[in-house]
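Written below as C-alpha coordinates is the structure these notes are about.
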Amino acid sequence: MGSAGSEPRSGRHLAPTVQRSVKVLVVGAYGVGKTTLIGAVSEIPVLSTEETVTAASVGVDPRLGEKSTTTVAMDFGRVTVGGATALYLFGTPGQKRFWDLWAGLADGAVGALVVVDTRRLEDSFEVLDQLEEHTRLPVAVVVNEFPDAPRHPPDAVRTALDLPDDTPVVAGDLRERRQAVEALQALVAHAVRRAGGSVAA
Amino acid sequence: MATGTPTDGYRDHPVRSYVLTGGRAHPSRNTLRPETLLCAVDDGRELPVGAGRHERALLETCRGTLALAELAAYLRLPTSLVAVLASDLVDGGYLAIRSQAPHDLPGLDLLEEVLDGLRRF
(Lines give C-alpha, C1' and ligand atoms only; values in the text may rest on other atoms or scores of the structure.)
Protein backbone atom coordinates (compact mmCIF):
# COMPACT_ATOMS: atom_id res chain seq x y z
CA MET A 1 0.00 0.00 0.00
CA GLY A 2 3.04 2.24 -0.26
CA SER A 3 1.50 4.15 -3.14
CA ALA A 4 -1.53 5.13 -1.15
CA GLY A 5 -1.60 8.76 -0.08
CA SER A 6 -1.56 8.78 3.68
CA GLU A 7 -1.27 12.41 4.57
CA PRO A 8 -4.39 13.46 6.40
CA ARG A 9 -5.90 16.70 5.22
CA SER A 10 -8.20 17.24 8.12
CA GLY A 11 -9.29 15.82 11.43
CA ARG A 12 -11.71 13.62 9.58
CA HIS A 13 -9.07 11.23 8.42
CA LEU A 14 -7.55 8.40 10.36
CA ALA A 15 -3.93 8.55 11.45
CA PRO A 16 -1.53 6.95 8.93
CA THR A 17 -0.64 4.38 11.62
CA VAL A 18 -4.12 2.84 11.45
CA GLN A 19 -3.90 -0.43 9.56
CA ARG A 20 -7.12 -2.21 10.28
CA SER A 21 -10.68 -1.73 11.32
CA VAL A 22 -13.30 -3.58 13.28
CA LYS A 23 -16.88 -2.82 14.15
CA VAL A 24 -19.39 -3.25 16.88
CA LEU A 25 -23.12 -3.06 16.30
CA VAL A 26 -25.02 -0.92 18.75
CA VAL A 27 -28.52 -2.27 18.56
CA GLY A 28 -31.75 -1.28 20.19
CA ALA A 29 -35.23 0.08 19.81
CA TYR A 30 -35.83 3.65 18.73
CA GLY A 31 -34.96 6.26 21.35
CA VAL A 32 -33.18 3.87 23.66
CA GLY A 33 -29.86 5.71 23.56
CA LYS A 34 -27.83 4.11 20.78
CA THR A 35 -26.66 7.42 19.36
CA THR A 36 -25.98 8.75 22.86
CA LEU A 37 -23.60 5.87 23.52
CA ILE A 38 -21.91 6.24 20.13
CA GLY A 39 -21.47 9.97 20.63
CA ALA A 40 -20.02 9.48 24.11
CA VAL A 41 -17.26 7.21 22.76
CA SER A 42 -16.61 8.51 19.25
CA GLU A 43 -13.56 10.63 18.42
CA ILE A 44 -15.44 12.21 15.50
CA PRO A 45 -18.88 13.82 15.54
CA VAL A 46 -21.57 11.16 15.08
CA LEU A 47 -22.13 10.62 11.37
CA SER A 48 -25.20 9.35 9.63
CA THR A 49 -25.95 7.60 6.39
CA GLU A 50 -29.33 6.99 4.95
CA GLU A 51 -30.05 3.59 3.55
CA THR A 52 -33.08 2.67 1.52
CA VAL A 53 -34.99 -0.43 2.43
CA THR A 54 -37.25 -1.72 -0.29
CA ALA A 55 -39.92 -4.33 -0.64
CA ALA A 56 -38.15 -6.94 -2.73
CA SER A 57 -40.58 -9.80 -2.43
CA VAL A 58 -42.08 -9.14 -5.84
CA GLY A 59 -40.28 -8.97 -9.19
CA VAL A 60 -38.67 -5.64 -9.83
CA ASP A 61 -39.20 -3.76 -13.04
CA PRO A 62 -36.44 -1.16 -13.17
CA ARG A 63 -38.50 0.94 -15.58
CA LEU A 64 -41.09 1.45 -12.89
CA GLY A 65 -38.49 2.88 -10.60
CA GLU A 66 -39.18 3.08 -6.91
CA LYS A 67 -41.18 0.41 -5.27
CA SER A 68 -42.38 0.69 -1.75
CA THR A 69 -39.33 2.13 -0.02
CA THR A 70 -38.41 3.62 3.26
CA THR A 71 -35.29 5.35 4.39
CA VAL A 72 -33.49 4.37 7.55
CA ALA A 73 -30.82 6.57 9.06
CA MET A 74 -27.84 4.78 10.55
CA ASP A 75 -25.75 6.71 13.04
CA PHE A 76 -22.18 5.72 13.58
CA GLY A 77 -18.95 6.82 15.17
CA ARG A 78 -15.31 5.88 15.33
CA VAL A 79 -12.60 5.53 17.90
CA THR A 80 -8.96 4.61 17.35
CA VAL A 81 -7.77 1.94 19.77
CA GLY A 82 -4.18 0.97 20.39
CA GLY A 83 -2.92 3.28 17.65
CA ALA A 84 -3.33 0.85 14.75
CA THR A 85 -6.99 -0.14 14.84
CA ALA A 86 -10.11 1.87 14.08
CA LEU A 87 -13.17 0.67 15.96
CA TYR A 88 -16.45 1.63 14.30
CA LEU A 89 -19.69 1.74 16.22
CA PHE A 90 -22.71 1.29 13.99
CA GLY A 91 -26.07 2.09 15.49
CA THR A 92 -28.83 0.06 13.94
CA PRO A 93 -32.48 -0.36 14.71
CA GLY A 94 -32.89 -3.99 15.64
CA GLN A 95 -36.47 -4.65 14.74
CA LYS A 96 -37.36 -7.39 12.34
CA ARG A 97 -38.49 -5.04 9.61
CA PHE A 98 -35.02 -3.50 9.45
CA TRP A 99 -33.22 -6.79 9.27
CA ASP A 100 -32.42 -6.40 5.55
CA LEU A 101 -30.48 -3.32 6.35
CA TRP A 102 -28.25 -4.63 9.06
CA ALA A 103 -27.85 -8.23 7.95
CA GLY A 104 -24.86 -7.15 5.87
CA LEU A 105 -23.57 -5.06 8.74
CA ALA A 106 -23.33 -8.06 11.06
CA ASP A 107 -20.70 -9.79 8.90
CA GLY A 108 -17.35 -9.61 10.61
CA ALA A 109 -18.59 -7.66 13.63
CA VAL A 110 -16.95 -8.09 17.04
CA GLY A 111 -20.40 -8.37 18.52
CA ALA A 112 -23.63 -6.60 19.27
CA LEU A 113 -24.15 -4.26 22.18
CA VAL A 114 -27.87 -4.20 22.90
CA VAL A 115 -29.05 -1.00 24.55
CA VAL A 116 -32.05 -1.46 26.81
CA ASP A 117 -34.49 0.88 28.53
CA THR A 118 -36.01 -0.91 31.53
CA ARG A 119 -39.22 1.10 31.14
CA ARG A 120 -39.69 -0.45 27.71
CA LEU A 121 -38.10 -3.84 28.14
CA GLU A 122 -40.57 -5.47 25.75
CA ASP A 123 -39.06 -3.43 22.90
CA SER A 124 -35.82 -5.38 23.39
CA PHE A 125 -37.30 -8.84 22.94
CA GLU A 126 -37.58 -8.49 19.18
CA VAL A 127 -34.04 -7.14 18.93
CA LEU A 128 -32.59 -10.04 20.91
CA ASP A 129 -34.69 -12.56 18.97
CA GLN A 130 -33.39 -11.19 15.69
CA LEU A 131 -29.79 -11.42 16.84
CA GLU A 132 -30.24 -14.97 18.00
CA GLU A 133 -32.07 -16.02 14.86
CA HIS A 134 -29.80 -14.45 12.28
CA THR A 135 -26.32 -14.17 13.76
CA ARG A 136 -23.83 -15.91 15.99
CA LEU A 137 -22.49 -12.62 17.27
CA PRO A 138 -21.40 -12.26 20.87
CA VAL A 139 -24.02 -10.15 22.63
CA ALA A 140 -23.81 -7.90 25.67
CA VAL A 141 -26.66 -5.90 27.14
CA VAL A 142 -26.32 -2.43 28.57
CA VAL A 143 -29.14 -0.84 30.53
CA ASN A 144 -29.26 2.86 29.79
CA GLU A 145 -29.91 4.42 33.17
CA PHE A 146 -32.08 7.34 32.24
CA PRO A 147 -32.23 9.83 35.11
CA ASP A 148 -35.95 9.25 35.66
CA ALA A 149 -35.99 5.47 35.15
CA PRO A 150 -36.30 3.07 38.08
CA ARG A 151 -33.17 1.02 38.83
CA HIS A 152 -33.15 -2.74 38.45
CA PRO A 153 -30.29 -5.09 39.37
CA PRO A 154 -28.56 -6.67 36.34
CA ASP A 155 -29.75 -10.15 37.32
CA ALA A 156 -33.36 -8.99 37.25
CA VAL A 157 -32.82 -7.64 33.75
CA ARG A 158 -31.14 -10.89 32.76
CA THR A 159 -34.11 -12.88 33.99
CA ALA A 160 -36.64 -10.55 32.40
CA LEU A 161 -34.89 -10.80 29.04
CA ASP A 162 -34.27 -14.55 29.41
CA LEU A 163 -30.57 -14.08 28.64
CA PRO A 164 -27.97 -16.88 28.75
CA ASP A 165 -25.90 -16.97 31.94
CA ASP A 166 -22.73 -15.86 30.20
CA THR A 167 -24.24 -12.79 28.51
CA PRO A 168 -22.77 -9.70 30.17
CA VAL A 169 -25.33 -7.27 31.55
CA VAL A 170 -24.07 -3.85 32.59
CA ALA A 171 -25.76 -0.56 33.37
CA GLY A 172 -24.78 3.04 33.14
CA ASP A 173 -25.59 6.59 32.15
CA LEU A 174 -24.58 6.33 28.51
CA ARG A 175 -24.03 10.06 28.21
CA GLU A 176 -20.89 9.49 30.27
CA ARG A 177 -17.91 8.41 28.21
CA ARG A 178 -16.47 6.20 30.92
CA GLN A 179 -19.68 4.25 31.34
CA ALA A 180 -20.22 3.91 27.60
CA VAL A 181 -16.64 2.64 27.25
CA GLU A 182 -17.21 0.14 30.07
CA ALA A 183 -20.22 -1.25 28.22
CA LEU A 184 -18.05 -1.73 25.14
CA GLN A 185 -15.36 -3.38 27.27
CA ALA A 186 -17.93 -5.84 28.59
CA LEU A 187 -18.88 -6.82 25.05
CA VAL A 188 -15.32 -7.13 23.76
CA ALA A 189 -14.23 -9.11 26.84
CA HIS A 190 -17.13 -11.47 26.16
CA ALA A 191 -16.01 -11.79 22.54
CA VAL A 192 -12.44 -12.56 23.71
CA ARG A 193 -13.73 -15.34 25.97
CA ARG A 194 -15.91 -16.71 23.21
CA ALA A 195 -12.86 -16.79 20.92
CA GLY A 196 -11.00 -18.89 23.49
CA GLY A 197 -8.99 -16.14 25.12
CA SER A 198 -8.77 -15.26 28.76
CA VAL A 199 -9.63 -11.91 30.25
CA ALA A 200 -7.90 -10.43 33.25
CA ALA A 201 -10.30 -9.00 35.79
CA MET B 1 -44.15 -0.22 6.03
CA ALA B 2 -43.00 -2.84 3.62
CA THR B 3 -40.54 -5.56 4.34
CA GLY B 4 -38.17 -7.28 1.99
CA THR B 5 -36.60 -10.68 2.05
CA PRO B 6 -33.32 -10.91 3.93
CA THR B 7 -31.35 -11.82 0.85
CA ASP B 8 -32.77 -9.25 -1.54
CA GLY B 9 -33.69 -6.11 0.28
CA TYR B 10 -30.29 -4.79 1.19
CA ARG B 11 -29.09 -4.89 -2.38
CA ASP B 12 -32.07 -3.12 -3.85
CA HIS B 13 -31.91 0.54 -4.69
CA PRO B 14 -34.27 3.06 -6.20
CA VAL B 15 -33.73 4.39 -9.69
CA ARG B 16 -31.43 7.24 -8.81
CA SER B 17 -28.73 4.85 -7.64
CA TYR B 18 -28.92 2.77 -10.80
CA VAL B 19 -28.30 5.85 -12.89
CA LEU B 20 -25.28 6.90 -10.83
CA THR B 21 -23.71 3.48 -11.10
CA GLY B 22 -24.45 2.87 -14.75
CA GLY B 23 -27.27 0.50 -13.96
CA ARG B 24 -25.45 -1.75 -11.51
CA ALA B 25 -26.57 -2.46 -8.01
CA HIS B 26 -23.64 -4.67 -7.03
CA PRO B 27 -20.05 -3.67 -6.54
CA SER B 28 -17.47 -5.43 -8.67
CA ARG B 29 -15.93 -6.88 -5.53
CA ASN B 30 -17.62 -8.05 -2.37
CA THR B 31 -14.82 -7.25 0.04
CA LEU B 32 -15.96 -3.71 0.76
CA ARG B 33 -17.73 -3.38 4.05
CA PRO B 34 -18.91 -0.23 5.80
CA GLU B 35 -15.79 -0.36 8.01
CA THR B 36 -13.34 -1.12 5.19
CA LEU B 37 -10.60 1.53 5.17
CA LEU B 38 -9.95 3.31 1.89
CA CYS B 39 -7.47 5.92 0.73
CA ALA B 40 -6.98 7.69 -2.57
CA VAL B 41 -3.86 6.63 -4.49
CA ASP B 42 -1.64 9.65 -4.77
CA ASP B 43 0.32 8.95 -7.93
CA GLY B 44 -0.64 12.05 -9.90
CA ARG B 45 -2.82 10.13 -12.29
CA GLU B 46 -5.99 11.98 -13.31
CA LEU B 47 -9.41 10.39 -13.49
CA PRO B 48 -10.67 9.88 -17.05
CA VAL B 49 -12.53 12.84 -18.52
CA GLY B 50 -15.73 10.84 -18.46
CA ALA B 51 -15.61 10.22 -14.71
CA GLY B 52 -18.63 11.48 -12.83
CA ARG B 53 -18.72 14.15 -10.16
CA HIS B 54 -19.41 11.57 -7.47
CA GLU B 55 -16.23 9.67 -8.31
CA ARG B 56 -14.28 12.93 -8.18
CA ALA B 57 -15.87 13.95 -4.90
CA LEU B 58 -15.15 10.52 -3.48
CA LEU B 59 -11.44 10.69 -4.29
CA GLU B 60 -11.21 14.27 -3.03
CA THR B 61 -12.81 13.27 0.28
CA CYS B 62 -10.59 10.23 0.59
CA ARG B 63 -7.20 11.98 0.46
CA GLY B 64 -6.59 10.48 3.87
CA THR B 65 -7.82 7.17 5.23
CA LEU B 66 -11.54 6.82 5.83
CA ALA B 67 -13.96 3.94 6.14
CA LEU B 68 -16.51 3.34 3.42
CA ALA B 69 -19.34 4.40 5.74
CA GLU B 70 -17.58 7.70 6.51
CA LEU B 71 -17.21 8.39 2.81
CA ALA B 72 -20.91 7.75 2.34
CA ALA B 73 -21.81 10.09 5.19
CA TYR B 74 -19.61 12.92 3.92
CA LEU B 75 -20.84 12.45 0.34
CA ARG B 76 -24.45 12.16 1.55
CA LEU B 77 -25.00 9.00 -0.46
CA PRO B 78 -26.11 5.52 0.65
CA THR B 79 -23.26 3.25 1.72
CA SER B 80 -24.39 0.59 -0.72
CA LEU B 81 -24.08 3.04 -3.60
CA VAL B 82 -20.69 4.35 -2.51
CA ALA B 83 -19.53 0.72 -2.35
CA VAL B 84 -20.21 0.40 -6.08
CA LEU B 85 -18.40 3.65 -6.91
CA ALA B 86 -15.45 2.85 -4.64
CA SER B 87 -15.16 -0.64 -6.03
CA ASP B 88 -14.77 0.72 -9.56
CA LEU B 89 -12.14 3.20 -8.36
CA VAL B 90 -10.22 0.39 -6.66
CA ASP B 91 -10.37 -1.64 -9.88
CA GLY B 92 -9.05 1.39 -11.77
CA GLY B 93 -6.18 1.85 -9.32
CA TYR B 94 -7.37 5.24 -8.08
CA LEU B 95 -8.37 4.07 -4.64
CA ALA B 96 -6.57 1.63 -2.32
CA ILE B 97 -8.02 -0.66 0.30
CA ARG B 98 -6.03 -0.01 3.48
CA SER B 99 -7.56 -2.74 5.59
CA GLN B 100 -8.61 -6.25 4.84
CA ALA B 101 -12.01 -7.12 6.19
CA PRO B 102 -11.69 -10.04 8.57
CA HIS B 103 -13.30 -13.21 7.38
CA ASP B 104 -16.12 -14.33 9.59
CA LEU B 105 -15.36 -13.17 13.12
CA PRO B 106 -12.30 -11.10 14.04
CA GLY B 107 -9.39 -13.15 15.42
CA LEU B 108 -8.38 -13.35 19.05
CA ASP B 109 -5.33 -11.10 18.62
CA LEU B 110 -7.46 -8.33 17.19
CA LEU B 111 -10.11 -8.69 19.89
CA GLU B 112 -7.46 -8.52 22.61
CA GLU B 113 -5.93 -5.44 21.04
CA VAL B 114 -9.31 -3.72 20.99
CA LEU B 115 -9.98 -4.66 24.61
CA ASP B 116 -6.56 -3.40 25.70
CA GLY B 117 -7.14 -0.18 23.77
CA LEU B 118 -10.54 0.40 25.40
CA ARG B 119 -9.07 -0.20 28.84
CA ARG B 120 -6.48 2.49 28.29
CA PHE B 121 -9.10 5.21 27.80
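As shown in the C-alpha coordinates, the chain order sets the letters A, B, ...; within each chain, residues go from 1, and ligands are also counted from 1 in the order they appear.
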**Prompt:** Mind checking DSSP for stretch 20-190 of chain A and telling me the alpha helix (DSSP H) residues as an MDAnalysis selection string?
**Reply:** chainID A and resid 34:41 99:106 122:134 154:161 177:190
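When only C-alpha atoms are used to measure the gap to A:Asn144, the shortest distance among A:Val27, A:Ala156, A:Leu174, A:Val79 belongs to A:Leu174.
The shortest atom-to-atom distance to chain A, with only C-alpha atoms taken into account, belongs to B:Glu113 out of B:Glu113, B:Asp88, B:Glu60, B:Glu46.
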**Message:** List as an MDAnalysis selection string the protein and nucleic acid residues near stretch 135-143 of chain A, meaning an atom at most 9 Å away when only C-alpha atoms are counted, but skip any in the same chain fewer than 4 places from it.
**Reply:** (chainID A and resid 103 106:118 128 130:131 154 157:158 167:174 180 183:184 186:188 190:191 194) or (chainID B and resid 105)
**Item:** strand (DSSP E or B) call set, DSSP backbone run, stretch 36-195 of chain A, as a ChimeraX atom specification
**Value:** /A:47-54,69-81,85-93,111-116,139-144,169-172
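Restricting the calculation to only C-alpha atoms, the smallest distance between A:His13 and any of A:Thr80, A:Thr49, A:Thr71, A:Gln95 is found for A:Thr80.
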